[in-house]
file entry-v7.cif (mmCIF, C-alpha atoms)
data_run
loop_
_atom_site.label_atom_id
_atom_site.label_comp_id
_atom_site.auth_asym_id
_atom_site.auth_seq_id
_atom_site.Cartn_x
_atom_site.Cartn_y
_atom_site.Cartn_z
CA MET A 1 106.76 82.14 6.55
CA THR A 2 106.89 84.83 3.86
CA GLU A 3 106.96 82.31 1.01
CA LEU A 4 104.13 80.32 2.60
CA LEU A 5 101.90 83.42 2.79
CA VAL A 6 102.76 84.34 -0.80
CA LYS A 7 101.94 80.80 -1.95
CA LEU A 8 98.61 80.78 -0.09
CA PHE A 9 97.33 84.28 -0.90
CA VAL A 10 99.15 85.39 -4.06
CA GLY A 11 99.90 82.25 -6.04
CA GLN A 12 101.84 82.05 -9.27
CA GLY A 13 102.19 84.91 -11.72
CA SER A 14 104.44 87.67 -12.99
CA PRO A 15 105.18 90.47 -10.49
CA ASP A 16 104.56 92.89 -13.38
CA SER A 17 100.95 91.75 -13.66
CA PRO A 18 98.51 94.33 -12.17
CA ASP A 19 96.42 91.56 -10.56
CA ILE A 20 99.48 89.96 -8.94
CA ARG A 21 100.70 93.35 -7.70
CA LYS A 22 97.28 93.98 -6.16
CA LYS A 23 97.43 90.62 -4.37
CA TYR A 24 100.89 91.39 -2.99
CA GLY A 25 99.75 94.81 -1.77
CA THR A 26 96.59 93.34 -0.22
CA LEU A 27 98.58 90.65 1.59
CA ALA A 28 101.06 93.20 2.98
CA GLY A 29 98.28 95.57 4.05
CA ILE A 30 96.19 92.94 5.84
CA CYS A 31 99.22 91.45 7.62
CA GLY A 32 100.27 94.94 8.72
CA ILE A 33 96.82 95.83 10.07
CA ILE A 34 96.41 92.60 12.08
CA LEU A 35 99.93 92.51 13.55
CA ASN A 36 100.09 96.21 14.41
CA ILE A 37 96.72 96.14 16.20
CA ILE A 38 97.91 93.16 18.25
CA LEU A 39 101.19 94.92 19.11
CA CYS A 40 99.36 98.14 20.01
CA GLY A 41 97.11 96.27 22.44
CA VAL A 42 99.86 94.40 24.27
CA LYS A 43 102.10 97.47 24.48
CA LEU A 44 99.29 99.57 25.92
CA VAL A 45 99.02 96.96 28.66
CA ALA A 46 102.78 97.19 29.25
CA GLY A 47 102.64 101.00 29.25
CA ILE A 48 99.83 101.08 31.79
CA VAL A 49 101.62 98.58 34.03
CA THR A 50 104.96 100.42 33.99
CA GLY A 51 103.79 104.01 33.54
CA ALA A 52 106.58 104.48 30.95
CA ILE A 53 105.79 107.10 28.33
CA SER A 54 108.25 105.48 25.92
CA VAL A 55 106.27 102.20 26.04
CA THR A 56 102.92 103.97 25.61
CA ALA A 57 104.31 106.03 22.73
CA ASP A 58 105.55 102.83 21.13
CA ALA A 59 102.00 101.46 21.38
CA VAL A 60 100.61 104.57 19.67
CA ASN A 61 103.31 104.11 17.04
CA ASN A 62 101.89 100.67 16.26
CA LEU A 63 98.38 102.11 16.01
CA SER A 64 99.74 104.60 13.50
CA ASP A 65 101.38 101.74 11.64
CA ALA A 66 98.01 100.00 11.41
CA GLY A 67 96.68 103.17 9.77
CA SER A 68 99.66 103.15 7.41
CA SER A 69 98.84 99.55 6.49
CA VAL A 70 95.30 100.65 5.62
CA VAL A 71 96.85 103.27 3.29
CA THR A 72 99.10 100.56 1.82
CA LEU A 73 96.10 98.29 1.25
CA PHE A 74 93.97 100.88 -0.53
CA GLY A 75 96.97 102.32 -2.40
CA ALA A 76 97.85 98.92 -3.85
CA ARG A 77 94.27 98.30 -4.95
CA LEU A 78 93.74 101.74 -6.47
CA ALA A 79 97.09 101.64 -8.31
CA THR A 80 95.90 98.68 -10.41
CA LYS A 81 92.78 100.43 -11.70
CA ARG A 82 92.68 100.55 -15.48
CA SER A 83 93.11 103.80 -17.35
CA ASP A 84 90.06 105.96 -17.96
CA SER A 85 89.20 109.25 -19.68
CA GLU A 86 90.37 111.29 -16.65
CA HIS A 87 93.58 109.28 -16.21
CA PRO A 88 94.64 107.99 -19.65
CA PHE A 89 97.96 106.68 -18.31
CA GLY A 90 96.40 104.62 -15.53
CA HIS A 91 96.57 105.05 -11.75
CA GLY A 92 100.00 103.56 -11.00
CA ARG A 93 101.34 106.74 -9.40
CA ILE A 94 98.78 106.38 -6.59
CA GLU A 95 101.27 103.89 -5.16
CA TYR A 96 103.82 106.70 -4.82
CA VAL A 97 101.21 108.95 -3.19
CA ALA A 98 100.35 106.16 -0.72
CA GLY A 99 104.04 105.81 0.13
CA LEU A 100 104.24 109.56 0.69
CA ILE A 101 101.27 109.44 3.08
CA VAL A 102 102.93 106.63 5.04
CA SER A 103 106.12 108.70 5.25
CA PHE A 104 104.29 111.77 6.56
CA LEU A 105 102.53 109.63 9.19
CA ILE A 106 105.96 108.41 10.32
CA ILE A 107 107.28 111.99 10.58
CA LEU A 108 104.16 113.18 12.44
CA LEU A 109 104.39 110.34 14.90
CA GLY A 110 108.07 111.07 15.52
CA PHE A 111 107.29 114.72 16.23
CA GLU A 112 104.50 113.83 18.67
CA LEU A 113 106.78 111.37 20.46
CA PHE A 114 109.53 114.01 20.60
CA SER A 115 107.15 116.53 22.23
CA SER A 116 105.92 113.99 24.79
CA SER A 117 109.47 112.95 25.65
CA ILE A 118 110.58 116.57 26.18
CA SER A 119 107.62 117.01 28.51
CA ARG A 120 108.65 113.90 30.44
CA LEU A 121 112.15 115.35 31.00
CA PHE A 122 110.65 118.34 32.84
CA ASN A 123 107.97 116.30 34.58
CA PRO A 124 109.64 112.96 35.43
CA ILE A 125 107.75 110.13 37.06
CA ASP A 126 108.94 106.81 38.44
CA VAL A 127 108.71 103.92 35.99
CA GLU A 128 107.59 100.58 37.41
CA PHE A 129 109.54 97.59 36.19
CA ALA A 130 107.66 94.40 35.22
CA TRP A 131 109.04 91.33 33.52
CA ILE A 132 105.81 90.93 31.55
CA SER A 133 106.57 94.27 29.93
CA VAL A 134 110.03 93.04 28.99
CA GLY A 135 108.50 89.94 27.42
CA ILE A 136 105.99 92.04 25.48
CA LEU A 137 108.72 94.31 24.14
CA VAL A 138 110.92 91.37 23.10
CA PHE A 139 107.92 89.80 21.35
CA SER A 140 107.27 93.13 19.61
CA ILE A 141 110.89 93.40 18.42
CA LEU A 142 110.78 89.91 16.92
CA VAL A 143 107.46 90.58 15.16
CA LYS A 144 108.65 93.92 13.78
CA PHE A 145 111.88 92.39 12.55
CA TRP A 146 109.88 89.77 10.66
CA MET A 147 107.59 92.49 9.25
CA TRP A 148 110.65 94.42 8.02
CA HIS A 149 111.93 91.31 6.23
CA PHE A 150 108.45 90.50 4.91
CA ASN A 151 107.73 93.97 3.49
CA ARG A 152 111.26 94.38 2.11
CA THR A 153 111.00 91.02 0.31
CA LEU A 154 107.65 91.94 -1.26
CA ALA A 155 108.86 95.46 -2.13
CA LYS A 156 111.86 94.08 -4.03
CA ARG A 157 109.73 91.46 -5.75
CA ILE A 158 107.24 93.95 -7.22
CA SER A 159 109.42 97.13 -7.11
CA SER A 160 106.98 98.90 -4.77
CA THR A 161 107.95 102.20 -3.13
CA VAL A 162 105.02 102.06 -0.70
CA LEU A 163 106.07 98.62 0.59
CA ALA A 164 109.67 99.83 0.78
CA ALA A 165 108.45 102.74 2.94
CA THR A 166 106.49 100.31 5.12
CA ALA A 167 109.57 98.11 5.49
CA THR A 168 111.59 101.17 6.59
CA ASP A 169 108.89 101.97 9.14
CA SER A 170 109.02 98.40 10.51
CA LEU A 171 112.80 98.58 10.92
CA SER A 172 112.42 101.95 12.69
CA ASP A 173 109.91 100.37 15.05
CA CYS A 174 112.25 97.46 15.70
CA ILE A 175 115.07 99.83 16.68
CA SER A 176 112.83 102.18 18.68
CA THR A 177 111.29 99.32 20.68
CA SER A 178 114.80 97.99 21.36
CA ALA A 179 115.71 101.43 22.74
CA VAL A 180 112.61 101.40 24.96
CA LEU A 181 113.55 97.94 26.27
CA ILE A 182 117.10 99.09 27.02
CA GLY A 183 115.69 102.08 28.90
CA LEU A 184 113.54 99.83 31.11
CA LEU A 185 116.49 97.54 31.87
CA ILE A 186 118.74 100.51 32.73
CA GLY A 187 116.10 101.79 35.13
CA ARG A 188 115.72 98.36 36.72
CA PHE A 189 119.40 97.47 37.24
CA PHE A 190 121.07 100.88 37.57
CA GLY A 191 118.28 102.99 39.05
CA ILE A 192 118.68 105.65 36.35
CA GLN A 193 115.46 106.96 34.81
CA VAL A 194 116.20 107.50 31.11
CA ASP A 195 112.62 107.17 29.88
CA GLY A 196 112.48 110.73 28.50
CA TYR A 197 115.93 110.57 26.89
CA ILE A 198 115.16 107.23 25.22
CA GLY A 199 111.90 108.72 23.95
CA ILE A 200 113.77 111.68 22.39
CA ALA A 201 116.33 109.39 20.71
CA VAL A 202 113.58 107.16 19.35
CA ALA A 203 111.61 110.17 18.09
CA VAL A 204 114.59 111.61 16.22
CA PHE A 205 115.32 108.25 14.64
CA ILE A 206 111.68 107.88 13.54
CA MET A 207 111.61 111.37 11.99
CA ILE A 208 114.86 110.78 10.08
CA SER A 209 113.48 107.49 8.75
CA GLY A 210 110.26 109.23 7.71
CA ILE A 211 112.12 111.99 5.88
CA LYS A 212 114.27 109.47 4.00
CA SER A 213 111.22 107.44 3.10
CA ALA A 214 109.41 110.58 1.89
CA LYS A 215 112.33 111.46 -0.38
CA ASP A 216 112.23 107.98 -1.89
CA THR A 217 108.55 108.47 -2.83
CA ILE A 218 108.73 112.15 -3.85
CA ASP A 219 111.55 111.54 -6.33
CA PRO A 220 109.54 109.35 -8.74
CA LEU A 221 106.61 111.80 -8.51
CA LEU A 222 108.86 114.69 -9.53
CA GLY A 223 110.56 112.60 -12.19
CA THR A 224 113.91 110.88 -11.92
CA PRO A 225 116.20 109.47 -14.61
CA ALA A 226 115.87 105.80 -15.43
CA SER A 227 118.53 103.44 -14.15
CA SER A 228 121.74 103.17 -16.14
CA GLU A 229 120.94 99.48 -16.73
CA PHE A 230 117.56 100.36 -18.28
CA ILE A 231 119.08 103.07 -20.50
CA LYS A 232 121.89 100.74 -21.58
CA GLY A 233 119.37 98.01 -22.39
CA VAL A 234 117.27 100.37 -24.53
CA ARG A 235 120.35 101.67 -26.35
CA ASN A 236 121.70 98.17 -27.03
CA THR A 237 118.31 97.07 -28.36
CA VAL A 238 117.99 100.03 -30.71
CA MET A 239 121.57 99.80 -31.95
CA SER A 240 121.23 96.06 -32.58
CA PHE A 241 119.28 96.85 -35.76
CA ASP A 242 121.68 96.90 -38.73
CA ASP A 243 120.27 100.05 -40.33
CA VAL A 244 120.46 102.20 -37.19
CA ILE A 245 123.44 104.59 -37.27
CA GLY A 246 122.86 106.30 -33.92
CA MET A 247 120.35 107.10 -31.20
CA HIS A 248 119.68 110.19 -29.08
CA ASP A 249 117.03 112.26 -27.24
CA LEU A 250 115.85 109.31 -25.14
CA ILE A 251 113.04 110.47 -22.84
CA ILE A 252 111.40 108.15 -20.30
CA HIS A 253 108.18 108.96 -18.44
CA ASN A 254 107.23 106.76 -15.50
CA TYR A 255 103.53 106.42 -14.69
CA GLY A 256 103.90 103.85 -11.94
CA PRO A 257 105.57 100.45 -11.62
CA ASN A 258 103.48 99.01 -14.46
CA LEU A 259 103.89 101.64 -17.16
CA SER A 260 106.79 103.52 -18.70
CA ILE A 261 106.47 105.58 -21.87
CA LEU A 262 109.65 106.28 -23.79
CA SER A 263 110.47 108.24 -26.91
CA LEU A 264 113.74 108.50 -28.81
CA HIS A 265 115.32 109.57 -32.07
CA ALA A 266 116.86 106.86 -34.24
CA GLU A 267 119.29 107.86 -36.99
CA LEU A 268 118.79 105.98 -40.27
CA PRO A 269 120.47 106.36 -43.68
CA SER A 270 118.77 109.05 -45.75
CA SER A 271 118.85 106.63 -48.69
CA LYS A 272 116.04 104.65 -47.03
CA SER A 273 112.55 105.37 -48.35
CA PHE A 274 109.89 106.75 -46.04
CA ALA A 275 108.14 103.36 -45.99
CA GLU A 276 111.36 101.49 -45.19
CA ALA A 277 112.28 103.89 -42.35
CA HIS A 278 108.75 103.61 -40.91
CA ASP A 279 108.93 99.81 -40.99
CA ILE A 280 112.28 99.80 -39.16
CA ALA A 281 110.93 102.18 -36.49
CA ASP A 282 107.88 99.93 -35.99
CA LYS A 283 110.08 96.87 -35.48
CA ILE A 284 112.24 98.69 -32.93
CA GLU A 285 109.15 99.91 -31.03
CA MET A 286 107.69 96.40 -30.83
CA GLU A 287 110.94 94.90 -29.56
CA LEU A 288 111.32 97.62 -26.91
CA GLU A 289 107.75 97.09 -25.73
CA GLN A 290 108.25 93.33 -25.43
CA LYS A 291 111.61 93.59 -23.63
CA PHE A 292 110.91 96.47 -21.24
CA ASN A 293 107.13 96.41 -20.69
CA CYS A 294 106.78 99.96 -22.00
CA GLU A 295 105.15 102.02 -24.72
CA ALA A 296 107.72 103.30 -27.22
CA SER A 297 107.59 106.06 -29.82
CA ILE A 298 110.45 106.58 -32.29
CA HIS A 299 111.27 109.63 -34.39
CA VAL A 300 113.45 108.89 -37.44
CA ASP A 301 116.33 111.22 -38.34
CA PRO A 302 117.74 110.79 -41.88
CA ILE A 303 121.56 110.79 -41.95
CA ASP A 304 123.56 111.26 -45.14
CA ASN A 305 126.36 108.72 -44.88
CA ASP A 306 126.94 108.36 -48.62
CA ASN A 307 128.30 111.85 -49.25
CA PRO A 308 132.07 111.99 -48.46
CA HIS A 309 131.94 115.79 -48.10
CA VAL A 310 129.21 115.56 -45.41
CA VAL A 311 131.06 112.77 -43.59
CA GLN A 312 134.29 114.80 -43.62
CA LEU A 313 132.66 117.97 -42.30
CA ARG A 314 130.79 116.06 -39.59
CA GLY A 315 134.11 114.66 -38.37
CA VAL A 316 135.70 118.13 -38.35
CA VAL A 317 132.81 119.61 -36.34
CA ALA A 318 132.68 116.68 -33.88
CA ASP A 319 136.44 116.93 -33.23
CA ALA A 320 136.27 120.71 -32.73
CA ILE A 321 133.48 120.41 -30.18
CA LYS A 322 135.22 117.57 -28.33
CA LYS A 323 138.29 119.82 -27.97
CA MET A 324 136.06 122.45 -26.33
CA ASP A 325 134.66 119.93 -23.82
CA GLU A 326 134.80 116.13 -23.78
CA ARG A 327 131.25 115.99 -22.39
CA LEU A 328 129.73 117.62 -25.48
CA SER A 329 128.44 115.56 -28.40
CA ILE A 330 126.53 116.27 -31.62
CA HIS A 331 123.79 114.61 -33.65
CA ASP A 332 121.40 115.38 -36.53
CA PHE A 333 124.26 116.76 -38.63
CA ARG A 334 123.22 118.00 -42.07
CA ILE A 335 124.33 120.46 -44.74
CA CYS A 336 122.17 122.91 -46.68
CA GLU A 337 124.13 124.14 -49.71
CA ALA A 338 123.27 127.33 -51.58
CA VAL A 339 124.92 129.33 -54.35
CA SER A 340 126.57 131.92 -52.10
CA HIS A 341 127.12 129.94 -48.89
CA THR A 342 126.64 126.63 -47.08
CA ASN A 343 124.74 126.15 -43.80
CA ILE A 344 125.95 123.47 -41.39
CA ILE A 345 123.17 122.44 -38.98
CA PHE A 346 123.44 120.12 -35.98
CA ASP A 347 122.30 119.63 -32.38
CA VAL A 348 124.64 119.71 -29.38
CA VAL A 349 124.01 117.64 -26.25
CA VAL A 350 124.92 119.71 -23.17
CA PRO A 351 125.21 118.27 -19.62
CA HIS A 352 123.08 119.64 -16.79
CA ARG A 353 124.36 122.74 -14.97
CA TYR A 354 126.81 123.50 -17.73
CA LYS A 355 129.24 126.36 -17.05
CA LEU A 356 128.22 128.32 -20.19
CA THR A 357 124.81 129.60 -21.23
CA ASP A 358 123.36 128.33 -24.49
CA GLU A 359 124.14 131.68 -26.12
CA GLN A 360 127.78 131.59 -25.00
CA LEU A 361 128.22 128.01 -26.18
CA ILE A 362 126.70 128.77 -29.60
CA TRP A 363 129.02 131.77 -29.99
CA ASN A 364 132.09 129.67 -29.10
CA ILE A 365 131.11 126.91 -31.52
CA LYS A 366 130.54 129.37 -34.36
#

call {"tool": "encode", "arguments": {"input": "entry-v7.cif", "output": "structure tokens"}}
result
Amino acid sequence: MTELLVKLFVGQGSPDSPDIRKKYGTLAGICGIILNIILCGVKLVAGIVTGAISVTADAVNNLSDAGSSVVTLFGARLATKRSDSEHPFGHGRIEYVAGLIVSFLIILLGFELFSSSISRLFNPIDVEFAWISVGILVFSILVKFWMWHFNRTLAKRISSTVLAATATDSLSDCISTSAVLIGLLIGRFFGIQVDGYIGIAVAVFIMISGIKSAKDTIDPLLGTPASSEFIKGVRNTVMSFDDVIGMHDLIIHNYGPNLSILSLHAELPSSKSFAEAHDIADKIEMELEQKFNCEASIHVDPIDNDNPHVVQLRGVVADAIKKMDERLSIHDFRICEAVSHTNIIFDVVVPHRYKLTDEQLIWNIK
């Protein structure tokens, strides 16, 4: 079913294409709106028939999901807008904001359901059992399970955090509706009214899912490191050029699924002319942009590899620093010789949350 819908409404094209991403987001949003409105309607009927707050709350949950699908729809369309003077790096991060809104709606709904369920514990009412309600809930579980699979498939295909959040919400609904169904069956066959308790359990599960989903969308907004595979790919590409001696200071900025901007320092022999070094940097930038769909900027560091004295001293310094801490490394090593003394200059790469301050480390190295 998923592939049929994609074939009919998306068609062929690269998932990295803004137009294709917009079509995927539109398809997911429209499917979510239609199916959640249908589920809300039939569950309201079941809730009215049985008088079960857990069933009615589940119906309201689906109404909220329809609202989330509207957010998904508009988020996907806005994220593909081209860059403008106010947003020179495009609008891709709107997709993260849309995912965050969906997550907060999930948390809010869970809190409201939790409050209503607590109230039901202190003010219990008899729940009427009806097989039509059971049928409606089973139908809802099957639909939500398909929606989880559908949104998860699309999220993986286009690397969308908002669709991943929507998939998480669908799975939460599937589990919460299953809990509601179990509660009705327990009441029917064992005469134990667990409506309020089931509601509390469902509410807690929904809130936990919302918090996890929010974290997954907040992280890229705050800025997270690129995957190790991406970093390894960039490093291997840069180092594949014969003249490159080393690479460091890789910085990657993510402006949404369609745009990454990276900068790095490439070490080249100081014997290369300015024009030669510039040409090499241009070639590396073009290859990175073609391979990783990014914008690359390279700073060239000249390295003196022809002077045996410089090479020897660099080895001495590197070994001394490695003995201090295996995690430390150096780059940009150079020597400034004068009549009375010689200055050795280099940069040290220090891991996050290092045990020493910069001042203490510099003192130890000296």

call {"tool": "residues_around", "arguments": {"input": "entry-v7.cif", "residues": "Ile231 of chain A", "least_positions_apart": "5", "cutoff": "10 Å", "atoms": "only C-alpha atoms", "output": "PyMOL selection string"}}
result
chain A and resi 225-226+236-237+250-252

call {"tool": "resolve_selection", "arguments": {"input": "entry-v7.cif", "expression": "the PyMOL selection byres ((chain A and resi 238) around 9)", "output": "JSON, numbers by chain"}}
result
{"A": [233, 234, 235, 236, 237, 239, 240, 241, 244, 246, 247, 266, 284, 285, 287, 288]}

call {"tool": "residues_around", "arguments": {"input": "entry-v7.cif", "residues": "Val55 of chain A", "least_positions_apart": "3", "cutoff": "8 Å", "atoms": "all atoms listed in the file", "output": "MDAnalysis selection string"}}
result
chainID A and resid 43:44 46:47 52 58:59 177 180

call {"tool": "residues_around", "arguments": {"input": "entry-v7.cif", "residues": "Ile136 of chain A", "least_positions_apart": "5", "cutoff": "10 Å", "atoms": "all atoms listed in the file", "output": "PyMOL selection string"}}
result
chain A and resi 39+42-43+45-46+131+141+181

call {"tool": "write_last_selection", "arguments": {"input": "entry-v7.cif", "atoms": "C-alpha atoms", "output": "short mmCIF file (atom, residue, chain, number, x, y, z; two decimals), keeping the file's coordinate frame"}}
result
data_model
loop_
_atom_site.label_atom_id
_atom_site.label_comp_id
_atom_site.auth_asym_id
_atom_site.auth_seq_id
_atom_site.Cartn_x
_atom_site.Cartn_y
_atom_site.Cartn_z
CA LEU A 39 101.19 94.92 19.11
CA VAL A 42 99.86 94.40 24.27
CA LYS A 43 102.10 97.47 24.48
CA VAL A 45 99.02 96.96 28.66
CA ALA A 46 102.78 97.19 29.25
CA TRP A 131 109.04 91.33 33.52
CA ILE A 141 110.89 93.40 18.42
CA LEU A 181 113.55 97.94 26.27
#

call {"tool": "resolve_selection", "arguments": {"input": "entry-v7.cif", "expression": "the PyMOL selection byres ((chain A and resi 29) around 8)", "output": "JSON, numbers by chain"}}
result
{"A": [25, 26, 27, 28, 30, 31, 32, 33, 69, 70, 71, 72, 73]}

call {"tool": "write_last_selection", "arguments": {"input": "entry-v7.cif", "atoms": "C-alpha atoms", "output": "PDB file, keeping the file's coordinate frame"}}
result
ATOM      1  CA  GLY A  25      99.750  94.810  -1.770  1.00  0.00           C
ATOM      2  CA  THR A  26      96.590  93.340  -0.220  1.00  0.00           C
ATOM      3  CA  LEU A  27      98.580  90.650   1.590  1.00  0.00           C
ATOM      4  CA  ALA A  28     101.060  93.200   2.980  1.00  0.00           C
ATOM      5  CA  ILE A  30      96.190  92.940   5.840  1.00  0.00           C
ATOM      6  CA  CYS A  31      99.220  91.450   7.620  1.00  0.00           C
ATOM      7  CA  GLY A  32     100.270  94.940   8.720  1.00  0.00           C
ATOM      8  CA  ILE A  33      96.820  95.830  10.070  1.00  0.00           C
ATOM      9  CA  SER A  69      98.840  99.550   6.490  1.00  0.00           C
ATOM     10  CA  VAL A  70      95.300 100.650   5.620  1.00  0.00           C
ATOM     11  CA  VAL A  71      96.850 103.270   3.290  1.00  0.00           C
ATOM     12  CA  THR A  72      99.100 100.560   1.820  1.00  0.00           C
ATOM     13  CA  LEU A  73      96.100  98.290   1.250  1.00  0.00           C
TER      14      LEU A  73
END

call {"tool": "resolve_selection", "arguments": {"input": "entry-v7.cif", "expression": "the PyMOL selection byres ((chain A and resi 184-196) around 8)", "output": "PyMOL selection string"}}
result
chain A and resi 52-54+117-121+124+126-127+129+134+180-183+197-200

call {"tool": "atom_distance", "arguments": {"input": "entry-v7.cif", "atom1": "atom CA of Met147 of chain A", "atom2": "atom CA of Leu171 of chain A"}}
result
8.2 Å

call {"tool": "atom_distance", "arguments": {"input": "entry-v7.cif", "atom1": "atom CA of Thr217 of chain A", "atom2": "atom CA of Asp84 of chain A"}}
result
24.0 Å

call {"tool": "closest_residue", "arguments": {"input": "entry-v7.cif", "among": "A:Asn123, A:Ser271, A:Thr166, A:Gln360", "to": "Ala214 of chain A", "atoms": "all atoms listed in the file"}}
result
A:Thr166

call {"tool": "residues_near_point", "arguments": {"input": "entry-v7.cif", "point": "(101.3, 104.0, -12.4)", "cutoff": "12 Å", "atoms": "all atoms listed in the file", "output": "NGL selection string"}}
result
:A and (16 or 18 or 21 or 75-83 or 87-98 or 159-161 or 220-221 or 253-261 or 294)

call {"tool": "write_last_selection", "arguments": {"input": "entry-v7.cif", "atoms": "C-alpha atoms", "output": "PDB file, keeping the file's coordinate frame"}}
result
ATOM      1  CA  ASP A  16     104.560  92.890 -13.380  1.00  0.00           C
ATOM      2  CA  PRO A  18      98.510  94.330 -12.170  1.00  0.00           C
ATOM      3  CA  ARG A  21     100.700  93.350  -7.700  1.00  0.00           C
ATOM      4  CA  GLY A  75      96.970 102.320  -2.400  1.00  0.00           C
ATOM      5  CA  ALA A  76      97.850  98.920  -3.850  1.00  0.00           C
ATOM      6  CA  ARG A  77      94.270  98.300  -4.950  1.00  0.00           C
ATOM      7  CA  LEU A  78      93.740 101.740  -6.470  1.00  0.00           C
ATOM      8  CA  ALA A  79      97.090 101.640  -8.310  1.00  0.00           C
ATOM      9  CA  THR A  80      95.900  98.680 -10.410  1.00  0.00           C
ATOM     10  CA  LYS A  81      92.780 100.430 -11.700  1.00  0.00           C
ATOM     11  CA  ARG A  82      92.680 100.550 -15.480  1.00  0.00           C
ATOM     12  CA  SER A  83      93.110 103.800 -17.350  1.00  0.00           C
ATOM     13  CA  HIS A  87      93.580 109.280 -16.210  1.00  0.00           C
ATOM     14  CA  PRO A  88      94.640 107.990 -19.650  1.00  0.00           C
ATOM     15  CA  PHE A  89      97.960 106.680 -18.310  1.00  0.00           C
ATOM     16  CA  GLY A  90      96.400 104.620 -15.530  1.00  0.00           C
ATOM     17  CA  HIS A  91      96.570 105.050 -11.750  1.00  0.00           C
ATOM     18  CA  GLY A  92     100.000 103.560 -11.000  1.00  0.00           C
ATOM     19  CA  ARG A  93     101.340 106.740  -9.400  1.00  0.00           C
ATOM     20  CA  ILE A  94      98.780 106.380  -6.590  1.00  0.00           C
ATOM     21  CA  GLU A  95     101.270 103.890  -5.160  1.00  0.00           C
ATOM     22  CA  TYR A  96     103.820 106.700  -4.820  1.00  0.00           C
ATOM     23  CA  VAL A  97     101.210 108.950  -3.190  1.00  0.00           C
ATOM     24  CA  ALA A  98     100.350 106.160  -0.720  1.00  0.00           C
ATOM     25  CA  SER A 159     109.420  97.130  -7.110  1.00  0.00           C
ATOM     26  CA  SER A 160     106.980  98.900  -4.770  1.00  0.00           C
ATOM     27  CA  THR A 161     107.950 102.200  -3.130  1.00  0.00           C
ATOM     28  CA  PRO A 220     109.540 109.350  -8.740  1.00  0.00           C
ATOM     29  CA  LEU A 221     106.610 111.800  -8.510  1.00  0.00           C
ATOM     30  CA  HIS A 253     108.180 108.960 -18.440  1.00  0.00           C
ATOM     31  CA  ASN A 254     107.230 106.760 -15.500  1.00  0.00           C
ATOM     32  CA  TYR A 255     103.530 106.420 -14.690  1.00  0.00           C
ATOM     33  CA  GLY A 256     103.900 103.850 -11.940  1.00  0.00           C
ATOM     34  CA  PRO A 257     105.570 100.450 -11.620  1.00  0.00           C
ATOM     35  CA  ASN A 258     103.480  99.010 -14.460  1.00  0.00           C
ATOM     36  CA  LEU A 259     103.890 101.640 -17.160  1.00  0.00           C
ATOM     37  CA  SER A 260     106.790 103.520 -18.700  1.00  0.00           C
ATOM     38  CA  ILE A 261     106.470 105.580 -21.870  1.00  0.00           C
ATOM     39  CA  CYS A 294     106.780  99.960 -22.000  1.00  0.00           C
TER      40      CYS A 294
END

call {"tool": "build_atoms", "arguments": {"input": "entry-v7.cif", "residues": "segment 291-302 of chain A", "atoms": "N, CA and C atoms", "output": "PDB file, keeping the file's coordinate frame"}}
result
ATOM      1  N   LYS A 291     110.482  93.772 -24.557  1.00  0.00           N
ATOM      2  CA  LYS A 291     111.610  93.590 -23.630  1.00  0.00           C
ATOM      3  C   LYS A 291     111.433  94.352 -22.326  1.00  0.00           C
ATOM      4  N   PHE A 292     110.879  95.582 -22.404  1.00  0.00           N
ATOM      5  CA  PHE A 292     110.910  96.470 -21.240  1.00  0.00           C
ATOM      6  C   PHE A 292     109.529  96.842 -20.705  1.00  0.00           C
ATOM      7  N   ASN A 293     108.476  96.168 -21.194  1.00  0.00           N
ATOM      8  CA  ASN A 293     107.130  96.410 -20.690  1.00  0.00           C
ATOM      9  C   ASN A 293     106.801  97.905 -20.697  1.00  0.00           C
ATOM     10  N   CYS A 294     106.975  98.521 -21.875  1.00  0.00           N
ATOM     11  CA  CYS A 294     106.780  99.960 -22.000  1.00  0.00           C
ATOM     12  C   CYS A 294     106.024 100.270 -23.283  1.00  0.00           C
ATOM     13  N   GLU A 295     105.695 101.529 -23.454  1.00  0.00           N
ATOM     14  CA  GLU A 295     105.150 102.020 -24.720  1.00  0.00           C
ATOM     15  C   GLU A 295     106.209 102.914 -25.343  1.00  0.00           C
ATOM     16  N   ALA A 296     106.612 102.592 -26.579  1.00  0.00           N
ATOM     17  CA  ALA A 296     107.720 103.300 -27.220  1.00  0.00           C
ATOM     18  C   ALA A 296     107.244 104.071 -28.449  1.00  0.00           C
ATOM     19  N   SER A 297     107.856 105.230 -28.643  1.00  0.00           N
ATOM     20  CA  SER A 297     107.590 106.060 -29.820  1.00  0.00           C
ATOM     21  C   SER A 297     108.926 106.531 -30.381  1.00  0.00           C
ATOM     22  N   ILE A 298     109.144 106.294 -31.690  1.00  0.00           N
ATOM     23  CA  ILE A 298     110.450 106.580 -32.290  1.00  0.00           C
ATOM     24  C   ILE A 298     110.315 107.611 -33.404  1.00  0.00           C
ATOM     25  N   HIS A 299     111.156 108.628 -33.333  1.00  0.00           N
ATOM     26  CA  HIS A 299     111.270 109.630 -34.390  1.00  0.00           C
ATOM     27  C   HIS A 299     112.503 109.289 -35.222  1.00  0.00           C
ATOM     28  N   VAL A 300     112.351 109.266 -36.553  1.00  0.00           N
ATOM     29  CA  VAL A 300     113.450 108.890 -37.440  1.00  0.00           C
ATOM     30  C   VAL A 300     114.161 110.137 -37.954  1.00  0.00           C
ATOM     31  N   ASP A 301     115.489 110.141 -37.797  1.00  0.00           N
ATOM     32  CA  ASP A 301     116.330 111.220 -38.340  1.00  0.00           C
ATOM     33  C   ASP A 301     117.123 110.669 -39.521  1.00  0.00           C
ATOM     34  N   PRO A 302     116.964 111.244 -40.729  1.00  0.00           N
ATOM     35  CA  PRO A 302     117.740 110.790 -41.880  1.00  0.00           C
ATOM     36  C   PRO A 302     119.180 111.312 -41.819  1.00  0.00           C
TER      37      PRO A 302
END
